[in-house]
file model-v2.json (JSON, C-alpha atoms)
[["chain", "number", "residue", "atom", "x", "y", "z"],
["A", 1020, "MET", "CA", 16.20, -78.31, 32.99],
["A", 1021, "SER", "CA", 17.80, -79.73, 29.86],
["A", 1022, "TRP", "CA", 17.73, -78.03, 26.46],
["A", 1023, "ALA", "CA", 16.27, -81.23, 25.02],
["A", 1024, "THR", "CA", 13.25, -80.89, 27.29],
["A", 1025, "LEU", "CA", 12.80, -77.22, 26.43],
["A", 1026, "SER", "CA", 13.16, -77.94, 22.71],
["A", 1027, "VAL", "CA", 10.08, -80.16, 22.96],
["A", 1028, "PHE", "CA", 8.11, -78.01, 25.39],
["A", 1029, "ILE", "CA", 8.43, -74.71, 23.47],
["A", 1030, "PRO", "CA", 6.94, -75.85, 20.12],
["A", 1031, "THR", "CA", 4.30, -77.89, 21.98],
["A", 1032, "PHE", "CA", 3.03, -74.92, 23.94],
["A", 1033, "LEU", "CA", 3.45, -72.55, 20.98],
["A", 1034, "PHE", "CA", 1.06, -74.70, 18.96],
["A", 1035, "VAL", "CA", -1.41, -74.85, 21.85],
["A", 1036, "SER", "CA", -1.21, -71.11, 22.52],
["A", 1037, "LEU", "CA", -1.76, -70.08, 18.89],
["A", 1038, "THR", "CA", -4.84, -72.30, 18.63],
["A", 1039, "PRO", "CA", -7.98, -70.12, 18.87],
["A", 1040, "GLY", "CA", -9.41, -70.16, 22.39],
["A", 1041, "MET", "CA", -11.15, -67.93, 24.89],
["A", 1042, "CYS", "CA", -8.17, -65.72, 25.71],
["A", 1043, "MET", "CA", -7.06, -65.39, 22.08],
["A", 1044, "THR", "CA", -10.60, -64.52, 20.98],
["A", 1045, "LEU", "CA", -10.81, -61.95, 23.77],
["A", 1046, "ALA", "CA", -7.52, -60.41, 22.62],
["A", 1047, "MET", "CA", -8.82, -60.16, 19.06],
["A", 1048, "VAL", "CA", -12.11, -58.58, 20.18],
["A", 1049, "LEU", "CA", -10.35, -55.98, 22.32],
["A", 1050, "GLY", "CA", -7.83, -55.33, 19.57],
["A", 1051, "MET", "CA", -10.84, -54.48, 17.44],
["A", 1052, "THR", "CA", -12.66, -52.31, 19.95],
["A", 1053, "GLN", "CA", -9.90, -50.87, 22.15],
["A", 1054, "GLY", "CA", -6.76, -51.07, 20.04],
["A", 1055, "VAL", "CA", -3.60, -53.05, 20.75],
["A", 1056, "LYS", "CA", -2.17, -50.58, 23.27],
["A", 1057, "ARG", "CA", -5.17, -50.71, 25.63],
["A", 1058, "THR", "CA", -5.53, -54.45, 25.12],
["A", 1059, "LEU", "CA", -2.18, -54.80, 26.87],
["A", 1060, "TRP", "CA", -4.05, -54.22, 30.16],
["A", 1061, "MET", "CA", -6.23, -57.25, 29.50],
["A", 1062, "MET", "CA", -3.09, -59.20, 28.66],
["A", 1063, "ILE", "CA", -1.54, -58.27, 32.01],
["A", 1064, "GLY", "CA", -4.56, -59.69, 33.84],
["A", 1065, "GLU", "CA", -4.62, -62.77, 31.63],
["A", 1066, "LEU", "CA", -0.92, -63.46, 32.13],
["A", 1067, "ILE", "CA", -1.29, -63.14, 35.91],
["A", 1068, "GLY", "CA", -4.16, -65.62, 35.75],
["A", 1069, "VAL", "CA", -2.28, -68.05, 33.52],
["A", 1070, "GLY", "CA", 0.80, -67.82, 35.71],
["A", 1071, "PHE", "CA", -1.29, -68.58, 38.79],
["A", 1072, "VAL", "CA", -3.05, -71.53, 37.15],
["A", 1073, "ALA", "CA", 0.21, -72.98, 35.80],
["A", 1074, "ALA", "CA", 1.97, -72.63, 39.17],
["A", 1075, "ALA", "CA", -0.97, -74.16, 41.03],
["A", 1076, "ALA", "CA", -1.25, -77.00, 38.52],
["A", 1077, "GLY", "CA", 2.47, -77.71, 38.70],
["A", 1078, "ALA", "CA", 2.35, -77.70, 42.49],
["A", 1079, "GLY", "CA", -0.61, -80.06, 42.57],
["A", 1080, "VAL", "CA", -3.17, -77.55, 43.84],
["A", 1081, "ALA", "CA", -5.24, -78.03, 40.68],
["A", 1082, "ALA", "CA", -6.03, -81.60, 41.72],
["A", 1083, "LEU", "CA", -7.76, -80.26, 44.82],
["A", 1084, "MET", "CA", -9.54, -77.50, 42.86],
["A", 1085, "LEU", "CA", -10.89, -79.95, 40.32],
["A", 1086, "ARG", "CA", -12.33, -82.05, 43.15],
["A", 1087, "GLN", "CA", -14.44, -79.02, 44.09],
["A", 1088, "PRO", "CA", -16.29, -78.38, 40.80],
["A", 1089, "GLU", "CA", -18.87, -76.17, 42.49],
["A", 1090, "LEU", "CA", -16.18, -73.50, 42.92],
["A", 1091, "PHE", "CA", -15.56, -73.47, 39.18],
["A", 1092, "ILE", "CA", -19.24, -73.61, 38.34],
["A", 1093, "ALA", "CA", -20.01, -70.49, 40.36],
["A", 1094, "PHE", "CA", -16.93, -68.58, 39.23],
["A", 1095, "LYS", "CA", -17.18, -69.41, 35.54],
["A", 1096, "TRP", "CA", -20.93, -68.65, 35.38],
["A", 1097, "VAL", "CA", -20.40, -65.22, 36.92],
["A", 1098, "GLY", "CA", -17.46, -64.53, 34.62],
["A", 1099, "GLY", "CA", -19.29, -65.86, 31.57],
["A", 1100, "ALA", "CA", -22.40, -63.79, 32.31],
["A", 1101, "TYR", "CA", -20.29, -60.65, 32.66],
["A", 1102, "LEU", "CA", -18.54, -61.21, 29.33],
["A", 1103, "ALA", "CA", -21.85, -62.00, 27.62],
["A", 1104, "TYR", "CA", -23.33, -58.77, 29.02],
["A", 1105, "LEU", "CA", -20.41, -56.80, 27.60],
["A", 1106, "GLY", "CA", -20.91, -58.56, 24.28],
["A", 1107, "ILE", "CA", -24.59, -57.58, 24.17],
["A", 1108, "MET", "CA", -23.69, -53.96, 24.89],
["A", 1109, "MET", "CA", -21.07, -54.03, 22.13],
["A", 1110, "TRP", "CA", -23.54, -55.61, 19.70],
["A", 1111, "ARG", "CA", -25.88, -52.70, 20.42],
["A", 1112, "SER", "CA", -22.99, -50.23, 20.00],
["A", 1113, "ARG", "CA", -23.33, -49.13, 23.62],
["A", 1114, "GLY", "CA", -20.96, -48.95, 26.56],
["A", 1115, "ARG", "CA", -17.27, -48.23, 26.78],
["A", 1116, "MET", "CA", -16.27, -51.52, 25.17],
["A", 1117, "ALA", "CA", -18.04, -50.66, 21.91],
["A", 1118, "ILE", "CA", -16.41, -48.74, 19.06],
["A", 1119, "PRO", "CA", -17.81, -45.20, 18.80],
["A", 1120, "SER", "CA", -19.23, -44.03, 15.46],
["A", 1121, "GLU", "CA", -16.13, -41.89, 15.11],
["A", 1122, "LEU", "CA", -13.25, -44.33, 15.46],
["A", 1123, "ASP", "CA", -10.93, -41.90, 17.21],
["A", 1124, "THR", "CA", -13.47, -40.56, 19.73],
["A", 1125, "GLY", "CA", -15.43, -41.87, 22.67],
["A", 1126, "PRO", "CA", -14.47, -43.08, 26.17],
["A", 1127, "ALA", "CA", -12.17, -46.07, 26.41],
["A", 1128, "ALA", "CA", -12.65, -49.00, 28.77],
["A", 1129, "GLY", "CA", -10.91, -48.66, 32.12],
["A", 1130, "ARG", "CA", -7.56, -50.31, 32.72],
["A", 1131, "LEU", "CA", -8.82, -52.20, 35.77],
["A", 1132, "GLN", "CA", -11.87, -53.40, 33.83],
["A", 1133, "LEU", "CA", -9.66, -54.74, 31.05],
["A", 1134, "ALA", "CA", -7.21, -56.39, 33.44],
["A", 1135, "THR", "CA", -10.09, -57.98, 35.38],
["A", 1136, "GLN", "CA", -11.51, -59.42, 32.16],
["A", 1137, "GLY", "CA", -8.24, -61.11, 31.37],
["A", 1138, "LEU", "CA", -7.74, -62.41, 34.92],
["A", 1139, "VAL", "CA", -11.26, -63.83, 35.24],
["A", 1140, "THR", "CA", -11.14, -65.44, 31.80],
["A", 1141, "ALA", "CA", -7.85, -67.21, 32.61],
["A", 1142, "VAL", "CA", -8.60, -68.32, 36.18],
["A", 1143, "ALA", "CA", -12.26, -69.31, 35.64],
["A", 1144, "ASN", "CA", -11.44, -71.65, 32.78],
["A", 1145, "PRO", "CA", -11.48, -75.24, 34.13],
["A", 1146, "LYS", "CA", -10.05, -76.50, 30.85],
["A", 1147, "GLY", "CA", -6.97, -74.40, 31.53],
["A", 1148, "TRP", "CA", -6.48, -76.07, 34.90],
["A", 1149, "ALA", "CA", -6.94, -79.54, 33.43],
["A", 1150, "PHE", "CA", -4.66, -78.71, 30.50],
["A", 1151, "PHE", "CA", -1.77, -77.59, 32.71],
["A", 1152, "MET", "CA", -2.22, -80.63, 34.94],
["A", 1153, "VAL", "CA", -1.69, -82.81, 31.87],
["A", 1154, "LEU", "CA", 0.94, -80.69, 30.10],
["A", 1155, "LEU", "CA", 3.37, -79.74, 32.87],
["A", 1156, "PRO", "CA", 4.13, -82.98, 34.80],
["A", 1157, "PRO", "CA", 5.77, -84.81, 31.86],
["A", 1158, "PHE", "CA", 8.30, -81.97, 31.55],
["A", 1159, "LEU", "CA", 9.21, -81.87, 35.25],
["A", 1160, "ASP", "CA", 12.15, -83.98, 36.44],
["A", 1161, "GLY", "CA", 11.42, -85.48, 39.84],
["A", 1162, "SER", "CA", 15.14, -85.85, 40.60],
["A", 1163, "ARG", "CA", 15.68, -82.09, 40.43],
["A", 1164, "PRO", "CA", 14.27, -79.22, 42.52],
["A", 1165, "LEU", "CA", 10.71, -78.39, 41.43],
["A", 1166, "ALA", "CA", 10.72, -74.61, 41.91],
["A", 1167, "PRO", "CA", 13.45, -73.70, 39.35],
["A", 1168, "GLN", "CA", 11.96, -76.01, 36.72],
["A", 1169, "LEU", "CA", 8.44, -74.72, 37.23],
["A", 1170, "SER", "CA", 9.63, -71.10, 37.21],
["A", 1171, "LEU", "CA", 11.40, -71.61, 33.88],
["A", 1172, "LEU", "CA", 8.41, -73.34, 32.27],
["A", 1173, "ILE", "CA", 6.01, -70.63, 33.49],
["A", 1174, "ALA", "CA", 8.34, -67.94, 32.09],
["A", 1175, "VAL", "CA", 8.28, -69.71, 28.72],
["A", 1176, "ILE", "CA", 4.49, -70.10, 28.91],
["A", 1177, "LEU", "CA", 3.91, -66.43, 29.67],
["A", 1178, "THR", "CA", 6.29, -65.27, 26.93],
["A", 1179, "ILE", "CA", 4.58, -67.42, 24.30],
["A", 1180, "GLU", "CA", 1.10, -66.51, 25.57],
["A", 1181, "PHE", "CA", 1.90, -62.79, 25.40],
["A", 1182, "ALA", "CA", 3.27, -63.07, 21.86],
["A", 1183, "SER", "CA", 0.21, -65.05, 20.73],
["A", 1184, "MET", "CA", -2.21, -62.50, 22.19],
["A", 1185, "LEU", "CA", -0.33, -59.71, 20.44],
["A", 1186, "VAL", "CA", -0.82, -61.54, 17.14],
["A", 1187, "TYR", "CA", -4.57, -61.85, 17.72],
["A", 1188, "ALA", "CA", -4.94, -58.27, 18.99],
["A", 1189, "THR", "CA", -3.06, -56.95, 15.96],
["A", 1190, "GLY", "CA", -5.37, -58.96, 13.71],
["A", 1191, "GLY", "CA", -8.38, -57.39, 15.43],
["A", 1192, "LYS", "CA", -6.92, -53.91, 14.97],
["A", 1193, "THR", "CA", -6.37, -54.61, 11.27],
["A", 1194, "LEU", "CA", -9.99, -55.71, 10.89],
["A", 1195, "ARG", "CA", -11.09, -52.54, 12.61],
["A", 1196, "LYS", "CA", -9.15, -50.42, 10.14],
["A", 1197, "VAL", "CA", -10.51, -52.29, 7.13],
["A", 1198, "LEU", "CA", -14.15, -52.08, 8.20],
["A", 1199, "GLY", "CA", -13.78, -48.62, 9.69],
["A", 1200, "LYS", "CA", -12.67, -47.15, 6.36],
["A", 1201, "SER", "CA", -15.86, -48.38, 4.74],
["A", 1202, "GLY", "CA", -18.02, -46.90, 7.49],
["A", 1203, "ASN", "CA", -19.13, -50.26, 8.84],
["A", 1204, "VAL", "CA", -18.58, -49.43, 12.51],
["A", 1205, "ARG", "CA", -21.94, -50.92, 13.52],
["A", 1206, "LEU", "CA", -21.04, -54.15, 11.72],
["A", 1207, "LEU", "CA", -17.68, -54.19, 13.49],
["A", 1208, "ASN", "CA", -19.40, -53.74, 16.86],
["A", 1209, "ARG", "CA", -21.75, -56.61, 16.05],
["A", 1210, "ILE", "CA", -18.88, -58.89, 15.03],
["A", 1211, "ALA", "CA", -16.97, -58.02, 18.21],
["A", 1212, "GLY", "CA", -20.10, -58.31, 20.35],
["A", 1213, "THR", "CA", -20.99, -61.70, 18.90],
["A", 1214, "LEU", "CA", -17.47, -62.98, 19.56],
["A", 1215, "MET", "CA", -17.57, -61.62, 23.11],
["A", 1216, "ILE", "CA", -20.92, -63.30, 23.76],
["A", 1217, "GLY", "CA", -19.39, -66.49, 22.38],
["A", 1218, "VAL", "CA", -16.46, -66.20, 24.81],
["A", 1219, "GLY", "CA", -18.91, -65.71, 27.69],
["A", 1220, "LEU", "CA", -20.95, -68.76, 26.70],
["A", 1221, "TRP", "CA", -17.77, -70.74, 26.14],
["A", 1222, "LEU", "CA", -16.58, -69.86, 29.63],
["A", 1223, "ALA", "CA", -19.93, -70.56, 31.31],
["A", 1224, "LEU", "CA", -20.82, -73.77, 29.48],
["A", 1225, "GLY", "CA", -17.37, -75.20, 28.70]]
call {"tool": "encode", "arguments": {"input": "model-v2.json", "output": "structure tokens"}}
result
Amino acid sequence: MSWATLSVFIPTFLFVSLTPGMCMTLAMVLGMTQGVKRTLWMMIGELIGVGFVAAAAGAGVAALMLRQPELFIAFKWVGGAYLAYLGIMMWRSRGRMAIPSELDTGPAAGRLQLATQGLVTAVANPKGWAFFMVLLPPFLDGSRPLAPQLSLLIAVILTIEFASMLVYATGGKTLRKVLGKSGNVRLLNRIAGTLMIGVGLWLALG
């Protein structure tokens, strides 16, 4: 793959990745409620999901998946309902995803739970499949082997996606500190819960 191609692809995907979306909102919410360190587990799941979707889209599998919309409908409704449920619990300051009244106490969400959230959010998003189907083909050279090109582009995608989620998670952690100092933990839970419900609805209805 030529440097000229990469020099166009990198800023293009950087702009797309930094644009607020489901995964970035989820990273911000978890940065608020779980802290950046634990949010890394969600990021692992999300990156696995994004890598799978990008590879499948680049290989043409996405075309088949998009011809079977009932698969997406079932998967995204289940995923969206789960995220909305978590958001309601957070809004009510209940469950492991919510911030305890004492910021440094209380049980944290499980690593598998966080990773599953990220994976489901990435894979169940039909817009992600459609986006990669549109974005990747123009950057692939048909005269060269597909696998090395696709591997390089996916590596770039995952690097940029990870950096973008870190930015959003850090922003959520900063908001937590600001509101936590003023004793507004309930307000912080309601903000995070509302955003999580929004992500769930976005996933289910998008």
call {"tool": "residues_around", "arguments": {"input": "model-v2.json", "residues": "A:Val1186", "least_positions_apart": "3", "cutoff": "9 Å", "atoms": "all atoms listed in the file", "output": "PyMOL selection string"}}
result
chain A and resi 1037+1043+1046-1047+1181-1183+1189-1191
call {"tool": "residues_around", "arguments": {"input": "model-v2.json", "residues": "A:Gly1077", "least_positions_apart": "3", "cutoff": "9 Å", "atoms": "all atoms listed in the file", "output": "PyMOL selection string"}}
result
chain A and resi 1072-1074+1080-1081+1151-1152+1155-1156+1159+1165+1169
call {"tool": "atom_distance", "arguments": {"input": "model-v2.json", "atom1": "atom CA of A:Gly1068", "atom2": "atom CA of A:Pro1145"}}
result
12.2 Å
call {"tool": "residues_around", "arguments": {"input": "model-v2.json", "residues": "stretch 1173-1178 of chain A", "least_positions_apart": "5", "cutoff": "10 Å", "atoms": "all atoms listed in the file", "output": "VMD selection string"}}
result
chain A and resid 1025 1028 to 1029 1032 to 1033 1036 1065 to 1067 1069 to 1074 1077 1155 1167 to 1168 1183
call {"tool": "residues_around", "arguments": {"input": "model-v2.json", "residues": "A:Tyr1101", "least_positions_apart": "5", "cutoff": "12 Å", "atoms": "only C-alpha atoms", "output": "number ranges by chain"}}
result
A: 1094-1096, 1106-1108, 1132, 1135-1136, 1139-1140, 1215-1220, 1222-1223
call {"tool": "closest_residue", "arguments": {"input": "model-v2.json", "among": "A:Ile1179, A:Ala1093, A:Leu1185, A:Lys1196", "to": "A:Thr1031", "atoms": "all atoms listed in the file"}}
result
A:Ile1179
call {"tool": "axis_aligned_box", "arguments": {"input": "model-v2.json", "around": "stretch 1173-1183 of chain A", "padding_each_side": "4 Å", "output": "lines of an AutoDock Vina configuration file"}}
result
center_x = 4.3
center_y = -66.7
center_z = 27.1
size_x = 16.1
size_y = 15.8
size_z = 20.8
call {"tool": "atom_distance", "arguments": {"input": "model-v2.json", "atom1": "atom CA of A:Leu1171", "atom2": "atom CA of A:Met1020"}}
result
8.3 Å
call {"tool": "closest_residue", "arguments": {"input": "model-v2.json", "among": "A:Leu1131, A:Val1197, A:Val1204, A:Ala1211", "to": "A:Met1061", "atoms": "only C-alpha atoms"}}
result
A:Leu1131
call {"tool": "atom_distance", "arguments": {"input": "model-v2.json", "atom1": "atom CA of A:Val1035", "atom2": "atom CA of A:Ala1166"}}
result
23.4 Å
call {"tool": "closest_residue", "arguments": {"input": "model-v2.json", "among": "A:Ala1141, A:Ala1134, A:Leu1198, A:Met1109", "to": "A:Val1048", "atoms": "all atoms listed in the file"}}
result
A:Met1109
call {"tool": "closest_residue", "arguments": {"input": "model-v2.json", "among": "A:Ala1128, A:Met1184, A:Leu1224, A:Met1051", "to": "A:Arg1209", "atoms": "only C-alpha atoms"}}
result
A:Met1051
call {"tool": "closest_residue", "arguments": {"input": "model-v2.json", "among": "A:Pro1030, A:Thr1038, A:Ala1076, A:Gly1054", "to": "A:Trp1148", "atoms": "all atoms listed in the file"}}
result
A:Ala1076
call {"tool": "decode", "arguments": {"input": "model-v2.json", "residues": "stretch 1035-1046 of chain A", "atoms": "C-alpha atoms", "output": "JSON list (two decimals), in the first residue's frame"}}
result
[["chain", "number", "residue", "atom", "x", "y", "z"],
["A", 1035, "VAL", "CA", -14.85, 9.80, 11.39],
["A", 1036, "SER", "CA", -13.60, 8.16, 14.60],
["A", 1037, "LEU", "CA", -13.53, 11.38, 16.63],
["A", 1038, "THR", "CA", -17.10, 12.22, 15.60],
["A", 1039, "PRO", "CA", -19.46, 11.41, 18.51],
["A", 1040, "GLY", "CA", -21.11, 8.03, 18.02],
["A", 1041, "MET", "CA", -22.32, 5.03, 19.96],
["A", 1042, "CYS", "CA", -18.89, 3.65, 20.87],
["A", 1043, "MET", "CA", -17.44, 7.06, 21.75],
["A", 1044, "THR", "CA", -20.46, 7.88, 23.91],
["A", 1045, "LEU", "CA", -20.13, 4.51, 25.63],
["A", 1046, "ALA", "CA", -16.45, 5.21, 26.32]]
